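Engineer: Here you go, this is target03.txt (compact mmCIF, C-alpha atoms).
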# COMPACT_ATOMS: atom_id res chain seq x y z
CA MET Q 1 21.06 5.72 8.10
CA VAL Q 2 18.40 3.10 7.41
CA GLU Q 3 17.12 3.03 3.86
CA PRO Q 4 14.77 0.76 1.94
CA ASP Q 5 16.32 -1.92 -0.25
CA PHE Q 6 15.91 -0.31 -3.65
CA LYS Q 7 17.69 -3.14 -5.43
CA LYS Q 8 14.75 -5.50 -4.98
CA GLY Q 9 12.39 -3.53 -7.20
CA ASN Q 10 14.95 -2.55 -9.83
CA GLY Q 11 15.43 0.79 -8.11
CA LEU Q 12 11.78 1.48 -7.26
CA ILE Q 13 9.82 0.54 -4.16
CA PRO Q 14 6.08 0.93 -3.53
CA VAL Q 15 5.05 3.54 -0.98
CA ILE Q 16 1.67 3.46 0.75
CA VAL Q 17 0.32 6.85 1.79
CA GLN Q 18 -2.10 6.92 4.71
CA ASP Q 19 -3.98 9.86 6.21
CA ASP Q 20 -2.46 10.37 9.65
CA LYS Q 21 -5.70 11.59 11.20
CA THR Q 22 -8.34 9.30 9.68
CA GLY Q 23 -6.23 6.23 8.87
CA ASP Q 24 -7.64 6.19 5.33
CA VAL Q 25 -5.30 4.79 2.71
CA LEU Q 26 -4.93 7.64 0.22
CA MET Q 27 -2.76 6.29 -2.58
CA LEU Q 28 0.17 4.15 -3.61
CA ALA Q 29 3.17 5.57 -5.44
CA TYR Q 30 6.81 4.65 -6.01
CA MET Q 31 10.13 5.99 -4.77
CA ASN Q 32 13.67 5.59 -5.99
CA GLN Q 33 16.57 6.48 -3.69
CA GLU Q 34 16.54 10.11 -4.80
CA ALA Q 35 12.82 10.46 -4.01
CA TRP Q 36 13.33 8.76 -0.64
CA ARG Q 37 16.14 11.14 0.30
CA LYS Q 38 14.21 14.18 -0.90
CA THR Q 39 11.24 13.12 1.23
CA GLN Q 40 13.50 12.66 4.25
CA GLU Q 41 15.15 16.06 3.74
CA THR Q 42 12.07 18.13 2.97
CA GLY Q 43 9.32 16.38 4.95
CA ASN Q 44 7.07 16.53 1.89
CA ALA Q 45 6.24 13.28 0.10
CA THR Q 46 8.25 13.03 -3.10
CA PHE Q 47 7.91 10.10 -5.49
CA TRP Q 48 9.25 8.83 -8.76
CA SER Q 49 6.70 9.18 -11.53
CA ARG Q 50 6.82 6.02 -13.64
CA SER Q 51 4.72 7.62 -16.40
CA ARG Q 52 6.81 10.81 -16.63
CA ASP Q 53 10.06 9.09 -15.62
CA SER Q 54 10.97 11.97 -13.32
CA LEU Q 55 11.05 13.07 -9.70
CA TRP Q 56 7.57 14.06 -8.55
CA LEU Q 57 6.88 16.31 -5.60
CA LYS Q 58 3.31 15.30 -4.78
CA GLY Q 59 1.22 18.47 -5.02
CA GLU Q 60 3.69 20.40 -7.17
CA THR Q 61 0.90 21.35 -9.59
CA SER Q 62 -2.16 21.34 -7.33
CA GLY Q 63 -0.50 22.65 -4.17
CA HIS Q 64 -1.90 19.61 -2.39
CA VAL Q 65 1.35 18.46 -0.83
CA GLN Q 66 1.59 15.66 1.70
CA VAL Q 67 3.33 16.62 4.93
CA VAL Q 68 4.97 13.50 6.35
CA LYS Q 69 4.08 12.84 9.98
CA SER Q 70 5.78 9.45 10.32
CA THR Q 71 7.57 6.90 8.15
CA PHE Q 72 7.54 3.10 8.48
CA ILE Q 73 9.42 0.37 6.69
CA ASP Q 74 8.17 -3.18 6.31
CA CYS Q 75 9.71 -6.41 7.58
CA ASP Q 76 11.70 -7.12 4.42
CA ASP Q 77 12.76 -3.54 3.70
CA ASP Q 78 11.06 -3.22 0.33
CA THR Q 79 7.91 -1.22 1.08
CA VAL Q 80 7.40 2.10 2.86
CA LEU Q 81 4.35 3.47 4.65
CA LEU Q 82 3.98 7.23 5.09
CA ARG Q 83 1.46 8.74 7.47
CA VAL Q 84 0.75 12.23 6.16
CA GLU Q 85 -1.29 15.37 6.50
CA GLN Q 86 -2.95 15.77 3.10
CA ILE Q 87 -3.04 19.48 2.29
CA GLY Q 88 -6.18 20.39 0.32
CA GLY Q 89 -8.04 17.36 1.66
CA ALA Q 90 -7.71 15.15 -1.41
CA ALA Q 91 -4.91 12.95 -2.68
CA CYS Q 92 -6.45 11.80 -5.96
CA HIS Q 93 -6.18 13.68 -9.24
CA THR Q 94 -9.91 13.01 -9.70
CA GLY Q 95 -10.64 15.20 -6.67
CA HIS Q 96 -11.51 12.28 -4.41
CA ARG Q 97 -9.92 12.17 -0.98
CA SER Q 98 -8.42 8.75 -1.68
CA CYS Q 99 -7.43 7.13 -4.96
CA PHE Q 100 -9.28 4.05 -3.66
CA TYR Q 101 -12.74 5.58 -4.09
CA ARG Q 102 -14.20 2.61 -5.99
CA MET Q 103 -15.37 -0.48 -4.15
CA ILE Q 104 -15.65 -3.80 -6.00
CA THR Q 105 -18.27 -6.28 -4.86
CA ASN Q 106 -18.93 -9.44 -6.90
CA GLY Q 107 -17.31 -7.76 -9.91
CA ALA Q 108 -19.49 -4.65 -9.73
CA VAL Q 109 -18.10 -1.18 -9.01
CA GLU Q 110 -19.54 1.37 -6.61
CA VAL Q 111 -18.11 4.86 -6.19
CA ILE Q 112 -17.64 5.74 -2.53
CA GLY Q 113 -17.86 9.39 -1.50
CA GLN Q 114 -17.90 12.65 -3.41
CA PRO Q 115 -14.94 14.54 -4.90
CA VAL Q 116 -13.50 17.22 -2.60
CA PHE Q 117 -12.47 19.42 -5.50
CA ASN Q 118 -13.12 19.81 -9.21
CA PRO Q 119 -9.98 18.73 -11.08
CA GLU Q 120 -10.62 21.39 -13.74
CA ASP Q 121 -10.27 24.10 -11.11
CA VAL Q 122 -7.06 22.68 -9.68
CA TYR Q 123 -5.08 21.54 -12.73
CA LYS Q 124 -5.10 24.52 -15.09
CA MET H 1 -16.58 -8.03 -14.19
CA VAL H 2 -14.18 -5.30 -13.20
CA GLU H 3 -10.59 -6.43 -12.79
CA PRO H 4 -7.30 -4.65 -12.14
CA ASP H 5 -5.10 -3.92 -15.14
CA PHE H 6 -2.51 -6.67 -14.69
CA LYS H 7 -0.66 -5.72 -17.87
CA LYS H 8 0.78 -2.58 -16.28
CA GLY H 9 2.93 -4.44 -13.76
CA ASN H 10 3.95 -7.29 -16.06
CA GLY H 11 1.18 -9.42 -14.64
CA LEU H 12 1.55 -8.42 -10.98
CA ILE H 13 -0.14 -5.58 -9.10
CA PRO H 14 0.56 -4.39 -5.54
CA VAL H 15 -2.16 -5.05 -2.98
CA ILE H 16 -2.41 -3.08 0.26
CA VAL H 17 -3.95 -4.96 3.17
CA GLN H 18 -5.63 -2.90 5.85
CA ASP H 19 -7.21 -4.04 9.11
CA ASP H 20 -10.92 -3.41 8.67
CA LYS H 21 -11.52 -2.64 12.36
CA THR H 22 -8.48 -0.54 13.32
CA GLY H 23 -7.52 0.93 9.95
CA ASP H 24 -3.91 -0.17 10.49
CA VAL H 25 -2.02 -0.98 7.31
CA LEU H 26 -0.94 -4.59 7.79
CA MET H 27 1.16 -5.47 4.75
CA LEU H 28 1.70 -5.14 1.03
CA ALA H 29 1.74 -8.13 -1.29
CA TYR H 30 1.21 -8.84 -4.98
CA MET H 31 -1.52 -10.48 -7.04
CA ASN H 32 -1.63 -11.87 -10.52
CA GLN H 33 -4.96 -12.53 -12.20
CA GLU H 34 -5.18 -16.03 -10.74
CA ALA H 35 -4.63 -14.73 -7.19
CA TRP H 36 -7.18 -11.97 -7.76
CA ARG H 37 -9.83 -14.44 -8.95
CA LYS H 38 -9.07 -16.86 -6.13
CA THR H 39 -9.51 -14.04 -3.62
CA GLN H 40 -12.82 -13.03 -5.20
CA GLU H 41 -14.07 -16.62 -5.19
CA THR H 42 -12.98 -17.66 -1.71
CA GLY H 43 -13.12 -14.42 0.27
CA ASN H 44 -9.68 -15.18 1.70
CA ALA H 45 -6.74 -13.02 0.60
CA THR H 46 -4.62 -14.93 -1.89
CA PHE H 47 -1.45 -13.48 -3.36
CA TRP H 48 1.33 -14.34 -5.73
CA SER H 49 4.56 -15.04 -3.89
CA ARG H 50 7.40 -13.41 -5.82
CA SER H 51 10.03 -15.29 -3.82
CA ARG H 52 8.43 -18.73 -4.24
CA ASP H 53 6.93 -17.93 -7.64
CA SER H 54 3.65 -19.56 -6.69
CA LEU H 55 0.10 -18.87 -5.56
CA TRP H 56 0.03 -18.01 -1.87
CA LEU H 57 -3.02 -18.31 0.32
CA LYS H 58 -2.10 -15.92 3.13
CA GLY H 59 -2.17 -17.95 6.34
CA GLU H 60 -1.83 -21.34 4.65
CA THR H 61 0.98 -22.29 7.05
CA SER H 62 0.12 -20.25 10.13
CA GLY H 63 -3.66 -20.46 9.88
CA HIS H 64 -3.71 -16.68 10.07
CA VAL H 65 -5.86 -16.10 7.03
CA GLN H 66 -7.24 -12.73 6.03
CA VAL H 67 -11.00 -12.63 5.57
CA VAL H 68 -11.80 -9.95 3.01
CA LYS H 69 -14.41 -7.46 4.17
CA SER H 70 -14.21 -5.06 1.22
CA THR H 71 -12.13 -4.53 -1.91
CA PHE H 72 -11.15 -1.24 -3.53
CA ILE H 73 -9.37 -0.41 -6.77
CA ASP H 74 -7.42 2.78 -7.36
CA CYS H 75 -8.02 5.51 -9.91
CA ASP H 76 -5.77 4.02 -12.58
CA ASP H 77 -6.71 0.38 -12.01
CA ASP H 78 -3.25 -0.85 -11.02
CA THR H 79 -3.41 -1.13 -7.23
CA VAL H 80 -5.87 -2.90 -4.94
CA LEU H 81 -6.79 -2.21 -1.33
CA LEU H 82 -8.26 -5.00 0.79
CA ARG H 83 -9.91 -4.33 4.13
CA VAL H 84 -9.68 -7.58 6.06
CA GLU H 85 -10.26 -9.36 9.33
CA GLN H 86 -6.84 -10.68 10.30
CA ILE H 87 -7.32 -14.09 11.92
CA GLY H 88 -4.77 -14.68 14.69
CA GLY H 89 -4.28 -10.96 15.17
CA ALA H 90 -0.99 -10.62 13.31
CA ALA H 91 -0.16 -10.31 9.61
CA CYS H 92 3.63 -10.34 9.82
CA HIS H 93 5.75 -13.47 9.81
CA THR H 94 7.75 -11.87 12.67
CA GLY H 95 4.64 -12.07 14.87
CA HIS H 96 3.96 -8.34 14.75
CA ARG H 97 0.41 -7.23 13.96
CA SER H 98 1.63 -5.22 10.99
CA CYS H 99 4.66 -5.69 8.76
CA PHE H 100 5.22 -1.94 9.23
CA TYR H 101 6.36 -2.26 12.84
CA ARG H 102 9.50 -0.18 12.42
CA MET H 103 9.37 3.61 12.37
CA ILE H 104 12.18 5.59 10.77
CA THR H 105 12.96 9.03 12.14
CA ASN H 106 16.01 10.92 10.88
CA GLY H 107 17.50 7.66 9.65
CA ALA H 108 17.10 5.88 13.01
CA VAL H 109 14.81 2.87 13.49
CA GLU H 110 12.42 2.34 16.36
CA VAL H 111 10.36 -0.83 16.79
CA ILE H 112 6.71 -0.05 17.48
CA GLY H 113 4.70 -2.54 19.52
CA GLN H 114 5.29 -6.09 20.65
CA PRO H 115 4.88 -9.30 18.66
CA VAL H 116 1.47 -10.95 19.06
CA PHE H 117 2.91 -14.44 18.60
CA ASN H 118 6.24 -16.20 18.63
CA PRO H 119 7.09 -17.21 15.06
CA GLU H 120 8.76 -20.38 16.31
CA ASP H 121 5.46 -21.57 17.74
CA VAL H 122 3.52 -20.81 14.56
CA TYR H 123 5.84 -21.88 11.75
CA LYS H 124 6.90 -25.40 12.66
Do you think you could lay out the structure here as structure tokens?
Structural biologist:
Amino acid sequence: MVEPDFKKGNGLIPVIVQDDKTGDVLMLAYMNQEAWRKTQETGNATFWSRSRDSLWLKGETSGHVQVVKSTFIDCDDDTVLLRVEQIGGAACHTGHRSCFYRMITNGAVEVIGQPVFNPEDVYK
Amino acid sequence: MVEPDFKKGNGLIPVIVQDDKTGDVLMLAYMNQEAWRKTQETGNATFWSRSRDSLWLKGETSGHVQVVKSTFIDCDDDTVLLRVEQIGGAACHTGHRSCFYRMITNGAVEVIGQPVFNPEDVYK
């Protein structure tokens, strides 16, 4: 079984989540070994929440789970890329499709795109 | 001037690099504030090398610089996404276009694609 090298990041590695259909980068989160194995077993992206210090099934509150279509590991084994189907159409807790919905140009910020959902309707 | 929140990651934030034309995720690297400002000033992706503990202009050895086309920041200000033109066609030191050239399925690894260049020709 090939696994990422969790030792490098003190037990946590960054995981890039990409929309399998559009190629849009949706978010970045972290996995420990438990989250990695859970993701492999269930096929639903599961991370380690650094703020809550607990296992985090993405979409456990909103229902907007990420169904893993394919999994890639980088050349030095310390970063993972997941290509997923994003249930509900949005990965970001703000309701935007991607967490990267703000573009920075010469220090100025521009919001790209409209939210797909209203967070107040989803997180009750 | 909007900047990432470098305090969160003890001075370093992860940066996702995506091919602006194809949408392929090429690599993940890290920036400190100096690398971020250098990237903003020069338009060429500049990172902080954790292994060498020094500023790292991507492509400084190979010539395969990354020309930044657009810059995005995530919802909680601690991850950056760069869309770039990858000079030389490959981001990975192995010669592959993307550092994520290995797919993991049920614990087994499959190499996706062929190297674009021979590392021995590029890193002399």
Engineer: Mind giving me the straight-line distance from CA of Thr94 in chain Q to CA of Thr39 in chain Q in Å, one decimal?
Structural biologist: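 These two atoms are separated by 23.8 Å.
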Engineer: Closest to Ile112 in chain H among Q:Met31, Q:Lys58, Q:Phe72, Q:Leu82, using all atoms listed in the file?
Structural biologist: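 The answer is Q:Phe72, which sits nearest to Ile112 in chain H.
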Engineer: Taking into account all atoms listed in the file, which residue in the set Q:Glu110, Q:Glu120, Q:Asp5, Q:Glu85 is nearest to Val17 in chain Q?
Structural biologist: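 Smallest distance to Val17 in chain Q is found for Q:Glu85.
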Engineer: Tell me which of H:Val84, H:Ile73, H:Val122, H:Ile104 sits closest to Thr22 in chain H, counting only C-alpha atoms.
Structural biologist: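 Closest candidate: H:Val84.
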Engineer: Hey, list the chain H side of the contact with chain Q: 6 Å cut-off, only C-alpha atoms, answer as a compact mmCIF listing (two decimals) with C-alpha atoms, in the coordinates of the input.
Structural biologist:
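Produced file result17.txt, reproduced below:
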# COMPACT_ATOMS: atom_id res chain seq x y z
CA MET H 1 -16.58 -8.03 -14.19
CA VAL H 2 -14.18 -5.30 -13.20
CA GLY H 23 -7.52 0.93 9.95
CA THR H 71 -12.13 -4.53 -1.91
CA PHE H 72 -11.15 -1.24 -3.53
CA ILE H 73 -9.37 -0.41 -6.77
CA ASP H 74 -7.42 2.78 -7.36
CA CYS H 75 -8.02 5.51 -9.91
CA CYS H 99 4.66 -5.69 8.76
CA PHE H 100 5.22 -1.94 9.23
CA ARG H 102 9.50 -0.18 12.42
CA MET H 103 9.37 3.61 12.37
CA ILE H 104 12.18 5.59 10.77
CA GLY H 107 17.50 7.66 9.65
Engineer: (13.0, 2.1, -7.6) in this file's frame - what residues fall within 12 Å of it? Use all atoms listed in the file and give the answer as a PyMOL selection string.
Structural biologist: chain Q and resi 4-15+29-36+47-50+53-55+78-80
Engineer: Generate a file of the selected residues that holds C-alpha atoms, formatted as a short mmCIF file (atom, residue, chain, number, x, y, z; two decimals), keeping the file's coordinate frame.
Structural biologist:
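part.cif, written as the output of this step:
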data_model
loop_
_atom_site.label_atom_id
_atom_site.label_comp_id
_atom_site.auth_asym_id
_atom_site.auth_seq_id
_atom_site.Cartn_x
_atom_site.Cartn_y
_atom_site.Cartn_z
CA PRO Q 4 14.77 0.76 1.94
CA ASP Q 5 16.32 -1.92 -0.25
CA PHE Q 6 15.91 -0.31 -3.65
CA LYS Q 7 17.69 -3.14 -5.43
CA LYS Q 8 14.75 -5.50 -4.98
CA GLY Q 9 12.39 -3.53 -7.20
CA ASN Q 10 14.95 -2.55 -9.83
CA GLY Q 11 15.43 0.79 -8.11
CA LEU Q 12 11.78 1.48 -7.26
CA ILE Q 13 9.82 0.54 -4.16
CA PRO Q 14 6.08 0.93 -3.53
CA VAL Q 15 5.05 3.54 -0.98
CA ALA Q 29 3.17 5.57 -5.44
CA TYR Q 30 6.81 4.65 -6.01
CA MET Q 31 10.13 5.99 -4.77
CA ASN Q 32 13.67 5.59 -5.99
CA GLN Q 33 16.57 6.48 -3.69
CA GLU Q 34 16.54 10.11 -4.80
CA ALA Q 35 12.82 10.46 -4.01
CA TRP Q 36 13.33 8.76 -0.64
CA PHE Q 47 7.91 10.10 -5.49
CA TRP Q 48 9.25 8.83 -8.76
CA SER Q 49 6.70 9.18 -11.53
CA ARG Q 50 6.82 6.02 -13.64
CA ASP Q 53 10.06 9.09 -15.62
CA SER Q 54 10.97 11.97 -13.32
CA LEU Q 55 11.05 13.07 -9.70
CA ASP Q 78 11.06 -3.22 0.33
CA THR Q 79 7.91 -1.22 1.08
CA VAL Q 80 7.40 2.10 2.86
#
Engineer: Work out how far apart CA of Asp19 in chain H and CA of Val116 in chain H are and give it in Å to one decimal.
Structural biologist: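 Pair CA of Asp19 in chain H / CA of Val116 in chain H returns 14.9 Å.
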Engineer: Box in all listed atoms of range 5-12 of chain Q, axis-aligned, with 4 Å more on each side; write out centre and edge lengths in Å to one decimal as lines of an AutoDock Vina configuration file.
Structural biologist:
center_x = 14.7
center_y = -2.0
center_z = -5.0
size_x = 13.9
size_y = 15.0
size_z = 17.6
Engineer: Just want the 12 Å neighbourhood of Gly59 in chain H, counted on only C-alpha atoms, with same-chain residues fewer than 3 positions away dropped. Output as a list in words.
Structural biologist: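 Once the nearby chain positions are removed, what remains is Asn44, Ala45, Thr46, Phe47, Trp56, Ser62, Gly63, His64, Val65, Gln66, Val67, Gln86, Ile87, Gly88, Gly89, Ala90, Ala91, Cys92, His93, Val122 and Tyr123 of chain H.
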Engineer: So how many Å separate CA of Ser51 in chain Q and CA of Pro115 in chain Q, to one decimal?
Structural biologist: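 Value for the CA of Ser51 in chain Q-CA of Pro115 in chain Q distance: 23.8 Å.
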